[in-house]
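Take a look at the structure below.
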Number of protein chains: 2
Amino acid sequence: MIQVFDNISTKNRVKLLNTLESHTLHFNKNNSFLPYISKDNIIGIIKKGYAQIIRTDHNGNRTIIEELEENDLFGTEISSLKNKEYDIIAKEETEVIIIDYNTIINCSANNKSFYNEFTKNLLQIFTTKIKEKNERLEIITKKTIRNKLLEYFSIMSKKHGSKHIYLPFTFTALADYLAIDRTAMSRELKNLKDEGFIEIKNKRIDLLYDEY
Amino acid sequence: MIQVFDNISTKNRVKLLNTLESHTLHFNKNNSFLPYISKDNIIGIIKKGYAQIIRTDHNGNRTIIEELEENDLFGTEISSLKNKEYDIIAKEETEVIIIDYNTIINCSANNKSFYNEFTKNLLQIFTTKIKEKNERLEIITKKTIRNKLLEYFSIMSKKHGSKHIYLPFTFTALADYLAIDRTAMSRELKNLKDEGFIEIKNKRIDLLYDEY
DNA sequence: ACTATCTTGTTGTAATTGCAACATTTTATA
DNA sequence: TATAAAATGTTGCAATTACAACAAGATAGT
């Protein structure tokens, strides 16, 4: 997977960050980014450390929306950043690079290769993000829990070319991803097992059918 | 809203399209694009005309996913293009520019301003797309029809700074957008009216509450 | 202006789902 | 390793929702 600074030398990275008038913030464990990010239209890059985008709904339930590791990018969920439900929390000592999105767009460094590499990298990262969101929409727009699960299985199965699906996260997180109640999902998974469509061993789901 | 060829002169546009080894396809009314697009990893631009991305579900119900007008872009819903449920249909005489996505990324025209403008335009278009998808996810992940509607109203209201919302499409299309049954939505809209939360006049919805 | 097609509103009903409450197990962390 | 926190599985039940089947109104195409 492409990352923001791919094909940009360490030396040029410094030049790039100067050109883009970036600044770096430091956060200690469990500190929130948001109070220190004034503008909404920014891109953040995790320079070092590890953070999480957290959402707290009106019932007080907290969900991890995204895990941010070194070189990961945040801020494209732009409409979300000013949304009071969201917060970004450093889970360890973390350094963050903040760049004004308008500077990226209006910057006149078109003749610098490091700048053009950077925008190309962004382009690819964004393309991937769009694909991921399409995928999730594809799944969530199915009307029943069963069909959401089957669509999810189908996509995962195609992606890895296998009928053995290894859940990349917990079942609780899967329910969040599918935007359904965890216990209702649990019930439906049991139904699928009982009807002989799937088998579940820990985080591995085996598909026992050919097509759906 | 930014378009793909903004800030690129007609002359440079020709150079750009050569550099990117693009080719142009012509379609008559009601013709499908897909049989003529071999690769999956492409970007299409509507040069002239008008087309629709259509989805046909397993029940045979057809939904318009997106309307494509001059200079509009398709193909970022990349995972969708090879999905058999989807089709793109010319609704009138239409010309389409096809560009291999890999050519855009691997192209070595970094020194050409028209190329850099183009990638910057793409960047902005993609950012907008990501925002739109986030917005929809934000809405669809709400658990009840009522909350989906209220979230939609809230976003539309903020976006236009008004409590008068003008539906940009039909109620049928709104139900599709929210991924809910149309008649169930209709019932819930009636409830919201009866409880004094909203008023509806044609395609205009007035919000009678302050916050939700 | 006529006709076919699309949109909208309504209602009954069965099926699906969210929620609450709980017991267990697993995983983190002091 | 002890203890707290998070994940999992289960079940009953009330609330929500999809679906089917209409009727009536609006819109578009010829």
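By convention here, the chains of the structure tokens are called A, B, ... in the order presented, each chain's residues are numbered starting at 1, and ligands are numbered starting at 1 in the order presented.
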- Message: Using only C-alpha atoms (C1' of nucleotides) and a cut-off of 9 Å, which residues of chain D sit close to chain A? Please list them as a ChimeraX atom specification.
- Response: /D:7-10,18
Dump as JSON lines the rows for residues of chain C within 9 Å of chain B: closest atom pair and distance in Å with one decimal, only C-alpha atoms (C1' of nucleotides) counted, ordered by chain and rising residue number.
{"residue": "C:DT7", "atom": "C1'", "partner": "B:Thr172", "partner_atom": "CA", "distance": 7.3}
{"residue": "C:DT8", "atom": "C1'", "partner": "B:Phe171", "partner_atom": "CA", "distance": 8.1}
{"residue": "C:DG9", "atom": "C1'", "partner": "B:Ser186", "partner_atom": "CA", "distance": 7.4}
{"residue": "C:DT10", "atom": "C1'", "partner": "B:Arg187", "partner_atom": "CA", "distance": 8.4}
{"residue": "C:DG18", "atom": "C1'", "partner": "B:Lys143", "partner_atom": "CA", "distance": 8.3}
How close does chain B get to chain A? List, as a tab-separated table, each residue of chain B within 6 Å, its nearest atom pair and the distance in Å to one decimal, counting only C-alpha atoms.
residue	atom	partner	partner_atom	distance
B:Asn111	CA	A:Asn111	CA	5.9
B:Leu123	CA	A:Leu123	CA	5.6
B:Ile130	CA	A:Ile130	CA	5.9
B:Thr141	CA	A:Ala179	CA	5.2
B:Ala179	CA	A:Thr141	CA	5.2
Could you write out that same residue set with N, CA and C atoms as an mmCIF file, in the first residue's frame?
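part_26.cif, freshly written:
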data_model
loop_
_atom_site.group_PDB
_atom_site.id
_atom_site.type_symbol
_atom_site.label_atom_id
_atom_site.label_comp_id
_atom_site.auth_asym_id
_atom_site.auth_seq_id
_atom_site.Cartn_x
_atom_site.Cartn_y
_atom_site.Cartn_z
ATOM 1 N N ASN B 111 7.180 17.260 -15.256
ATOM 2 C CA ASN B 111 7.637 18.615 -15.559
ATOM 3 C C ASN B 111 6.611 19.412 -16.366
ATOM 4 N N LEU B 123 -7.227 15.309 -7.452
ATOM 5 C CA LEU B 123 -7.108 15.274 -6.000
ATOM 6 C C LEU B 123 -8.316 15.944 -5.357
ATOM 7 N N ILE B 130 -14.836 11.667 -1.358
ATOM 8 C CA ILE B 130 -14.663 11.045 -0.042
ATOM 9 C C ILE B 130 -15.616 11.696 0.965
ATOM 10 N N THR B 141 -25.473 4.823 8.802
ATOM 11 C CA THR B 141 -25.110 4.032 9.973
ATOM 12 C C THR B 141 -26.025 4.300 11.165
ATOM 13 N N ALA B 179 -30.953 4.079 1.814
ATOM 14 C CA ALA B 179 -30.962 2.605 1.838
ATOM 15 C C ALA B 179 -32.078 2.058 2.712
#
- Skip DT5 in chain C itself and residues of its chain fewer than 4 positions away, then list as a list of chain:residue names all residues within 12 Å of it, counting only C-alpha atoms (C1' of nucleotides).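 Final neighbour list, sorted by chain and number: D:DA26, D:DT27, D:DA28, D:DG29.
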